[in-house]
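Q: So here's my_file_18.txt (compact mmCIF, C-alpha atoms).
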# COMPACT_ATOMS: atom_id res chain seq x y z
CA MET A 881 -25.34 35.24 87.49
CA ALA A 882 -25.70 37.07 84.20
CA ARG A 883 -23.74 40.26 83.86
CA PRO A 884 -25.63 43.56 83.67
CA VAL A 885 -26.15 44.88 80.16
CA ALA A 886 -25.50 48.43 78.96
CA LEU A 887 -26.60 50.04 75.72
CA VAL A 888 -24.40 52.97 74.70
CA THR A 889 -25.40 55.06 71.71
CA GLY A 890 -22.66 56.53 69.54
CA ALA A 891 -20.24 53.99 71.00
CA GLY A 892 -18.13 53.61 67.89
CA GLN A 893 -16.07 56.73 68.44
CA ARG A 894 -14.92 59.53 70.71
CA VAL A 895 -16.58 59.84 74.14
CA GLY A 896 -19.14 57.13 73.44
CA ARG A 897 -16.38 54.58 72.98
CA SER A 898 -14.69 55.60 76.23
CA ILE A 899 -18.00 55.24 78.08
CA ALA A 900 -18.64 51.82 76.57
CA LEU A 901 -15.19 50.52 77.49
CA ALA A 902 -15.44 51.92 81.01
CA LEU A 903 -18.70 50.02 81.46
CA ALA A 904 -17.09 46.89 80.02
CA THR A 905 -14.25 47.27 82.52
CA ASP A 906 -16.93 47.59 85.20
CA GLY A 907 -18.34 44.21 84.17
CA HIS A 908 -21.18 45.11 81.81
CA ASP A 909 -21.99 43.26 78.63
CA LEU A 910 -22.39 45.82 75.86
CA VAL A 911 -24.73 46.78 73.09
CA VAL A 912 -22.65 49.10 70.92
CA HIS A 913 -24.85 51.41 68.90
CA TYR A 914 -23.47 53.16 65.85
CA HIS A 915 -24.77 54.98 62.79
CA ARG A 916 -22.00 55.36 60.21
CA SER A 917 -19.01 54.33 62.35
CA ALA A 918 -19.14 50.60 61.62
CA ASP A 919 -15.35 50.22 61.74
CA GLY A 920 -15.21 52.12 65.00
CA ALA A 921 -17.97 49.98 66.47
CA ARG A 922 -16.03 46.83 65.57
CA GLU A 923 -12.99 48.27 67.35
CA THR A 924 -15.08 49.02 70.43
CA ILE A 925 -16.50 45.50 70.40
CA ALA A 926 -13.05 43.94 70.04
CA ALA A 927 -11.68 46.02 72.93
CA ALA A 928 -14.67 45.12 75.11
CA THR A 929 -14.44 41.39 74.45
CA ALA A 930 -10.73 41.53 75.27
CA LEU A 931 -11.85 42.73 78.71
CA GLY A 932 -13.82 39.52 79.18
CA VAL A 933 -17.38 40.68 78.50
CA SER A 934 -19.74 40.06 75.62
CA ALA A 935 -20.50 42.82 73.13
CA ILE A 936 -22.58 43.20 69.99
CA GLY A 937 -23.13 46.06 67.57
CA LEU A 938 -26.47 47.49 66.46
CA GLN A 939 -26.75 50.04 63.67
CA ALA A 940 -29.46 52.70 63.79
CA ASP A 941 -29.99 56.15 62.33
CA LEU A 942 -31.33 58.04 65.32
CA SER A 943 -32.48 60.90 63.12
CA ASP A 944 -35.28 58.50 62.13
CA GLY A 945 -38.10 59.00 64.60
CA ALA A 946 -38.92 55.28 64.68
CA ALA A 947 -35.35 54.08 65.20
CA ALA A 948 -35.09 54.61 68.96
CA ALA A 949 -37.87 52.21 69.87
CA VAL A 950 -36.52 49.58 67.48
CA LEU A 951 -33.05 49.97 68.99
CA ALA A 952 -34.36 49.57 72.56
CA THR A 953 -36.20 46.37 71.67
CA ALA A 954 -33.21 44.93 69.81
CA ALA A 955 -30.81 45.79 72.64
CA HIS A 956 -33.02 44.05 75.19
CA GLY A 957 -33.47 41.06 72.93
CA ALA A 958 -29.75 40.64 72.37
CA PHE A 959 -29.05 39.59 75.97
CA GLY A 960 -32.52 39.15 77.44
CA ARG A 961 -32.06 42.06 79.84
CA LEU A 962 -31.16 45.74 79.87
CA ASP A 963 -29.77 47.53 82.94
CA VAL A 964 -28.11 50.72 81.69
CA VAL A 965 -28.91 53.03 78.77
CA VAL A 966 -26.44 55.79 77.89
CA ASN A 967 -27.62 58.43 75.42
CA SER A 968 -24.24 59.53 74.09
CA ALA A 969 -24.84 59.98 70.35
CA ALA A 970 -25.07 63.58 69.22
CA LEU A 971 -24.98 65.67 66.07
CA TRP A 972 -22.47 68.55 65.94
CA ARG A 973 -23.46 71.05 63.25
CA PRO A 974 -22.03 74.57 63.79
CA ARG A 975 -23.87 77.34 61.96
CA PRO A 976 -23.85 81.14 62.25
CA LEU A 977 -27.10 82.23 63.85
CA VAL A 978 -28.43 83.92 60.72
CA ALA A 979 -27.58 80.87 58.61
CA VAL A 980 -29.51 78.29 60.68
CA THR A 981 -32.23 76.68 58.59
CA PRO A 982 -35.29 74.72 59.72
CA ALA A 983 -33.54 71.62 58.37
CA ASP A 984 -30.50 72.32 60.58
CA TRP A 985 -32.73 72.82 63.61
CA ASP A 986 -34.68 69.63 62.97
CA ALA A 987 -31.57 67.53 62.32
CA ILE A 988 -29.82 68.67 65.51
CA HIS A 989 -32.84 68.24 67.75
CA ALA A 990 -33.78 64.91 66.20
CA VAL A 991 -30.51 63.29 67.30
CA ASN A 992 -29.60 65.34 70.37
CA LEU A 993 -33.00 65.54 72.08
CA ARG A 994 -35.78 63.61 70.38
CA ALA A 995 -33.82 60.35 70.16
CA PRO A 996 -32.81 60.29 73.86
CA PHE A 997 -36.43 60.92 74.84
CA PHE A 998 -37.89 58.15 72.73
CA LEU A 999 -35.09 55.72 73.49
CA ALA A 1000 -35.60 56.29 77.21
CA ILE A 1001 -39.34 55.78 77.15
CA ALA A 1002 -39.04 52.72 74.90
CA ALA A 1003 -36.28 51.19 77.03
CA ALA A 1004 -37.82 51.93 80.43
CA PRO A 1005 -40.44 49.13 80.44
CA LEU A 1006 -37.76 46.66 79.32
CA MET A 1007 -35.18 47.59 81.94
CA ALA A 1008 -34.45 45.73 85.13
CA ASP A 1009 -35.61 47.27 88.40
CA GLY A 1010 -32.86 49.51 89.71
CA GLY A 1011 -31.65 50.31 86.20
CA VAL A 1012 -30.33 53.68 85.17
CA ILE A 1013 -30.67 55.95 82.13
CA LEU A 1014 -27.77 58.34 81.62
CA ASN A 1015 -27.80 61.29 79.25
CA LEU A 1016 -24.93 63.36 77.87
CA ALA A 1017 -25.67 67.05 78.30
CA ASP A 1018 -23.04 69.72 77.57
CA HIS A 1019 -21.55 72.80 79.21
CA LEU A 1020 -23.02 74.69 76.24
CA ALA A 1021 -26.47 74.12 77.75
CA HIS A 1022 -25.47 77.00 80.07
CA GLU A 1023 -23.20 79.07 77.79
CA SER A 1024 -23.87 81.15 74.70
CA TRP A 1025 -21.43 80.46 71.87
CA PRO A 1026 -21.73 81.93 68.38
CA GLY A 1027 -22.45 79.27 65.83
CA LEU A 1028 -23.83 76.72 68.30
CA VAL A 1029 -27.21 78.09 69.32
CA PRO A 1030 -29.38 75.13 68.19
CA HIS A 1031 -26.85 72.72 69.72
CA SER A 1032 -26.93 74.60 73.02
CA ILE A 1033 -30.72 74.62 73.07
CA SER A 1034 -30.86 70.90 72.35
CA LYS A 1035 -28.51 70.21 75.25
CA ALA A 1036 -30.52 72.45 77.58
CA GLY A 1037 -33.42 70.25 76.59
CA VAL A 1038 -31.42 67.19 77.65
CA VAL A 1039 -31.06 68.75 81.10
CA ALA A 1040 -34.84 69.20 81.34
CA LEU A 1041 -35.40 65.72 79.92
CA THR A 1042 -33.20 64.22 82.61
CA GLN A 1043 -35.06 65.94 85.43
CA GLN A 1044 -38.49 65.14 84.03
CA LEU A 1045 -37.75 61.46 83.45
CA ALA A 1046 -36.12 61.12 86.86
CA GLN A 1047 -39.45 62.05 88.43
CA GLN A 1048 -41.60 60.06 86.06
CA LEU A 1049 -39.59 56.81 86.20
CA ALA A 1050 -38.85 56.76 89.92
CA PRO A 1051 -38.68 54.72 92.05
CA ARG A 1052 -38.02 51.82 89.67
CA LEU A 1053 -35.38 53.53 87.52
CA ARG A 1054 -32.91 56.36 88.03
CA VAL A 1055 -32.16 59.02 85.41
CA ASN A 1056 -29.07 61.24 85.55
CA ALA A 1057 -26.85 63.20 83.17
CA VAL A 1058 -23.22 64.12 82.78
CA SER A 1059 -22.44 67.58 81.42
CA PRO A 1060 -18.94 67.56 79.88
CA GLY A 1061 -16.79 70.53 79.09
CA ALA A 1062 -14.15 70.26 76.38
CA VAL A 1063 -12.85 66.72 76.74
CA LEU A 1064 -12.01 66.35 73.05
CA PRO A 1065 -11.32 69.19 70.61
CA PRO A 1066 -14.30 69.55 68.27
CA PRO A 1067 -13.64 69.41 64.53
CA GLY A 1068 -11.99 72.57 63.27
CA TRP A 1069 -10.98 73.90 66.67
CA THR A 1070 -7.84 76.01 66.36
CA ALA A 1071 -4.99 75.99 68.86
CA ALA A 1072 -5.79 79.62 69.69
CA ALA A 1073 -9.44 78.79 70.45
CA GLN A 1074 -8.37 75.88 72.63
CA ALA A 1075 -5.93 78.07 74.56
CA GLU A 1076 -8.65 80.69 75.12
CA PHE A 1077 -11.03 78.02 76.38
CA VAL A 1078 -8.44 76.59 78.79
CA ALA A 1079 -7.66 80.06 80.13
CA ALA A 1080 -11.34 80.56 81.01
CA THR A 1081 -11.60 77.17 82.75
CA PRO A 1082 -10.85 77.14 86.51
CA LEU A 1083 -8.75 73.96 86.34
CA GLN A 1084 -6.75 75.50 83.46
CA ARG A 1085 -6.68 72.41 81.28
CA MET A 1086 -8.69 70.29 78.92
CA GLY A 1087 -10.45 67.20 80.13
CA ALA A 1088 -10.41 63.73 78.61
CA PRO A 1089 -13.08 61.24 77.52
CA ASP A 1090 -12.11 59.03 80.45
CA ASP A 1091 -13.22 61.81 82.82
CA VAL A 1092 -16.73 61.54 81.40
CA ALA A 1093 -16.63 57.76 81.43
CA ALA A 1094 -15.62 57.72 85.11
CA ALA A 1095 -18.59 59.97 85.94
CA ILE A 1096 -20.92 57.62 84.07
CA VAL A 1097 -19.65 54.61 86.02
CA TYR A 1098 -20.06 56.53 89.28
CA LEU A 1099 -23.69 57.34 88.44
CA VAL A 1100 -24.38 53.72 87.52
CA HIS A 1101 -23.47 52.72 91.08
CA ALA A 1102 -24.81 55.79 92.92
CA THR A 1103 -28.10 54.15 93.85
CA TYR A 1104 -29.41 57.10 95.89
CA VAL A 1105 -28.79 59.66 93.15
CA THR A 1106 -31.38 60.58 90.54
CA GLY A 1107 -32.27 63.71 88.59
CA VAL A 1108 -28.78 65.22 88.78
CA VAL A 1109 -26.71 66.79 86.03
CA LEU A 1110 -23.08 66.22 87.01
CA PRO A 1111 -20.68 68.80 85.51
CA VAL A 1112 -17.40 67.34 84.25
CA ASP A 1113 -16.09 70.61 82.90
CA GLY A 1114 -13.06 71.68 84.90
CA GLY A 1115 -15.20 74.14 86.84
CA ARG A 1116 -16.63 76.15 83.93
CA HIS A 1117 -20.10 75.92 85.46
CA LEU A 1118 -18.88 78.12 88.33
CA GLY A 1119 -18.63 81.16 86.09
CA HIS A 1120 -21.57 80.69 83.74
Turn this file's structure into structure tokens for me.
A:
Amino acid sequence: MARPVALVTGAGQRVGRSIALALATDGHDLVVHYHRSADGARETIAAATALGVSAIGLQADLSDGAAAAVLATAAHGAFGRLDVVVNSAALWRPRPLVAVTPADWDAIHAVNLRAPFFLAIAAAPLMADGGVILNLADHLAHESWPGLVPHSISKAGVVALTQQLAQQLAPRLRVNAVSPGAVLPPPGWTAAAQAEFVAATPLQRMGAPDDVAAAIVYLVHATYVTGVVLPVDGGRHLGH
């Protein structure tokens, strides 16, 4: 029988790569989406094929409103089926609140919220019965951090998106999300800021991309779970 097929956006680097390789280890053929990280995508593909599955790369700029539907069709066409879609790609653009421009707002929401919506609704009719759409939310959907207000709002939207689509696409498809805490230091994060973050986290440590990837694999197989947002944040959600 053909292996199940997973499309992972932003799979050329960071958490997206870890998710893609966890799904490859789980026996999924891969469609590795990337925007600018072509070299990273090739590394992900090489690592996946070394695990014994098939993998291809597809480039798309998800800030383009038409790109999501094109990506869904191409991903399905690559293997003739599509079982899992993981919306992992995101734009990280810190700005002081008073410095946020309409262009900043639009750019962040285009990638972080609009693209997952349109990719999901384009992929849904193409997906196999019992398939699953998985979104990456963020602990910042529930916390207020200076400099990350549009990002936080976009990720709160991902939470709502997950719950709405879970209702609309049931019973044929499931839709869930993982909400990571700090599993990789963001660009420019100082050692002092990291230490402060860890001190305010119940498990008193940073996470790792593999923690998120393990949660994704769990939700792929949790066939009686839909509409949930699973925190993978060391317990930060308990105090916020």
Q: Residues near range 979-989 of chain A, anyone? I mean within 9 Å using only C-alpha atoms, not counting same-chain ones fewer than 5 positions away, as a list of chain:residue names.
A: A:Ser943, A:Ala970, A:Leu971, A:Trp972, A:Arg973, A:Pro974, A:Arg994, A:Ala995, A:Gly1027, A:Val1029, A:Pro1030, A:His1031, A:Ile1033, A:Ser1034, A:Lys1035
Q: Which residue is closest to Leu903 in chain A? Choose from A:Val1078, A:Ala1072, A:Val1038, A:Ala935 and count all atoms listed in the file.
A: A:Ala935
Q: Which range 985-1026 of chain A residues have any atom within 10 Å of an atom of range 883-889 of chain A, and for each, what is the nearest pair of atoms with distance in Å to one decimal, counting all atoms listed in the file, rows sorted by chain and number, as JSON lines?
A:
{"residue": "A:Pro996", "atom": "CA", "partner": "A:Thr889", "partner_atom": "CA", "distance": 9.3}
{"residue": "A:Leu999", "atom": "CA", "partner": "A:Thr889", "partner_atom": "CA", "distance": 9.9}
{"residue": "A:Ala1003", "atom": "CA", "partner": "A:Leu887", "partner_atom": "CA", "distance": 9.8}
{"residue": "A:Met1007", "atom": "CA", "partner": "A:Val885", "partner_atom": "CA", "distance": 9.6}
{"residue": "A:Ala1008", "atom": "CA", "partner": "A:Pro884", "partner_atom": "CA", "distance": 9.2}
{"residue": "A:Gly1011", "atom": "CA", "partner": "A:Pro884", "partner_atom": "CA", "distance": 9.4}
{"residue": "A:Val1012", "atom": "CA", "partner": "A:Ala886", "partner_atom": "CA", "distance": 9.5}
{"residue": "A:Ile1013", "atom": "CA", "partner": "A:Leu887", "partner_atom": "CA", "distance": 9.6}
{"residue": "A:Leu1014", "atom": "CA", "partner": "A:Val888", "partner_atom": "CA", "distance": 9.4}
Q: Go through A:Gly957, A:Gly937, A:Pro1111, A:Pro1065 and flag the residue nearest Asp1091 in chain A, using all atoms listed in the file for the distances.
A: A:Pro1111
Q: Mind giving me the straight-line distance from CA of Tyr914 in chain A to CA of Gly1107 in chain A in Å, one decimal?
A: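 Result for CA of Tyr914 in chain A versus CA of Gly1107 in chain A: 26.6 Å, one decimal.
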Q: Rebuild range 912-929 of chain A so that it carries N, CA, C and O atoms, then output the result as a PDB file, in the coordinates of the input.
A:
ATOM      1  N   VAL A 912     -23.384  47.975  71.497  1.00  0.00           N
ATOM      2  CA  VAL A 912     -22.650  49.100  70.920  1.00  0.00           C
ATOM      3  C   VAL A 912     -23.466  49.659  69.758  1.00  0.00           C
ATOM      4  O   VAL A 912     -23.522  49.043  68.684  1.00  0.00           O
ATOM      5  N   HIS A 913     -24.119  50.780  69.987  1.00  0.00           N
ATOM      6  CA  HIS A 913     -24.850  51.410  68.900  1.00  0.00           C
ATOM      7  C   HIS A 913     -23.921  52.260  68.049  1.00  0.00           C
ATOM      8  O   HIS A 913     -23.004  52.905  68.557  1.00  0.00           O
ATOM      9  N   TYR A 914     -24.196  52.270  66.749  1.00  0.00           N
ATOM     10  CA  TYR A 914     -23.470  53.160  65.850  1.00  0.00           C
ATOM     11  C   TYR A 914     -24.400  53.523  64.697  1.00  0.00           C
ATOM     12  O   TYR A 914     -25.418  52.865  64.455  1.00  0.00           O
ATOM     13  N   HIS A 915     -24.039  54.595  63.999  1.00  0.00           N
ATOM     14  CA  HIS A 915     -24.770  54.980  62.790  1.00  0.00           C
ATOM     15  C   HIS A 915     -23.892  54.694  61.585  1.00  0.00           C
ATOM     16  O   HIS A 915     -24.054  53.691  60.909  1.00  0.00           O
ATOM     17  N   ARG A 916     -22.894  55.569  61.353  1.00  0.00           N
ATOM     18  CA  ARG A 916     -22.000  55.360  60.210  1.00  0.00           C
ATOM     19  C   ARG A 916     -20.655  54.766  60.619  1.00  0.00           C
ATOM     20  O   ARG A 916     -19.890  54.345  59.749  1.00  0.00           O
ATOM     21  N   SER A 917     -20.354  54.730  61.895  1.00  0.00           N
ATOM     22  CA  SER A 917     -19.010  54.330  62.350  1.00  0.00           C
ATOM     23  C   SER A 917     -18.923  52.814  62.563  1.00  0.00           C
ATOM     24  O   SER A 917     -18.637  52.340  63.668  1.00  0.00           O
ATOM     25  N   ALA A 918     -19.167  52.060  61.496  1.00  0.00           N
ATOM     26  CA  ALA A 918     -19.140  50.600  61.620  1.00  0.00           C
ATOM     27  C   ALA A 918     -17.757  50.103  62.020  1.00  0.00           C
ATOM     28  O   ALA A 918     -17.623  49.214  62.875  1.00  0.00           O
ATOM     29  N   ASP A 919     -16.707  50.655  61.394  1.00  0.00           N
ATOM     30  CA  ASP A 919     -15.350  50.220  61.740  1.00  0.00           C
ATOM     31  C   ASP A 919     -15.039  50.554  63.198  1.00  0.00           C
ATOM     32  O   ASP A 919     -14.451  49.747  63.927  1.00  0.00           O
ATOM     33  N   GLY A 920     -15.429  51.740  63.620  1.00  0.00           N
ATOM     34  CA  GLY A 920     -15.210  52.120  65.000  1.00  0.00           C
ATOM     35  C   GLY A 920     -15.961  51.229  65.972  1.00  0.00           C
ATOM     36  O   GLY A 920     -15.448  50.875  67.036  1.00  0.00           O
ATOM     37  N   ALA A 921     -17.188  50.874  65.610  1.00  0.00           N
ATOM     38  CA  ALA A 921     -17.970  49.980  66.470  1.00  0.00           C
ATOM     39  C   ALA A 921     -17.288  48.625  66.599  1.00  0.00           C
ATOM     40  O   ALA A 921     -17.240  48.037  67.698  1.00  0.00           O
ATOM     41  N   ARG A 922     -16.741  48.113  65.497  1.00  0.00           N
ATOM     42  CA  ARG A 922     -16.030  46.830  65.570  1.00  0.00           C
ATOM     43  C   ARG A 922     -14.808  46.933  66.486  1.00  0.00           C
ATOM     44  O   ARG A 922     -14.498  45.997  67.231  1.00  0.00           O
ATOM     45  N   GLU A 923     -14.132  48.074  66.458  1.00  0.00           N
ATOM     46  CA  GLU A 923     -12.990  48.270  67.350  1.00  0.00           C
ATOM     47  C   GLU A 923     -13.430  48.312  68.810  1.00  0.00           C
ATOM     48  O   GLU A 923     -12.774  47.749  69.693  1.00  0.00           O
ATOM     49  N   THR A 924     -14.552  48.984  69.075  1.00  0.00           N
ATOM     50  CA  THR A 924     -15.080  49.020  70.430  1.00  0.00           C
ATOM     51  C   THR A 924     -15.448  47.617  70.903  1.00  0.00           C
ATOM     52  O   THR A 924     -15.133  47.221  72.041  1.00  0.00           O
ATOM     53  N   ILE A 925     -16.100  46.859  70.048  1.00  0.00           N
ATOM     54  CA  ILE A 925     -16.500  45.500  70.400  1.00  0.00           C
ATOM     55  C   ILE A 925     -15.278  44.625  70.674  1.00  0.00           C
ATOM     56  O   ILE A 925     -15.245  43.874  71.660  1.00  0.00           O
ATOM     57  N   ALA A 926     -14.267  44.741  69.839  1.00  0.00           N
ATOM     58  CA  ALA A 926     -13.050  43.940  70.040  1.00  0.00           C
ATOM     59  C   ALA A 926     -12.381  44.299  71.360  1.00  0.00           C
ATOM     60  O   ALA A 926     -11.924  43.416  72.108  1.00  0.00           O
ATOM     61  N   ALA A 927     -12.307  45.588  71.670  1.00  0.00           N
ATOM     62  CA  ALA A 927     -11.680  46.020  72.930  1.00  0.00           C
ATOM     63  C   ALA A 927     -12.490  45.544  74.125  1.00  0.00           C
ATOM     64  O   ALA A 927     -11.929  45.161  75.159  1.00  0.00           O
ATOM     65  N   ALA A 928     -13.818  45.560  74.002  1.00  0.00           N
ATOM     66  CA  ALA A 928     -14.670  45.120  75.110  1.00  0.00           C
ATOM     67  C   ALA A 928     -14.533  43.617  75.344  1.00  0.00           C
ATOM     68  O   ALA A 928     -14.406  43.164  76.495  1.00  0.00           O
ATOM     69  N   THR A 929     -14.551  42.838  74.273  1.00  0.00           N
ATOM     70  CA  THR A 929     -14.440  41.390  74.450  1.00  0.00           C
ATOM     71  C   THR A 929     -13.071  41.003  75.004  1.00  0.00           C
ATOM     72  O   THR A 929     -12.952  40.015  75.738  1.00  0.00           O
TER      73      THR A 929
END
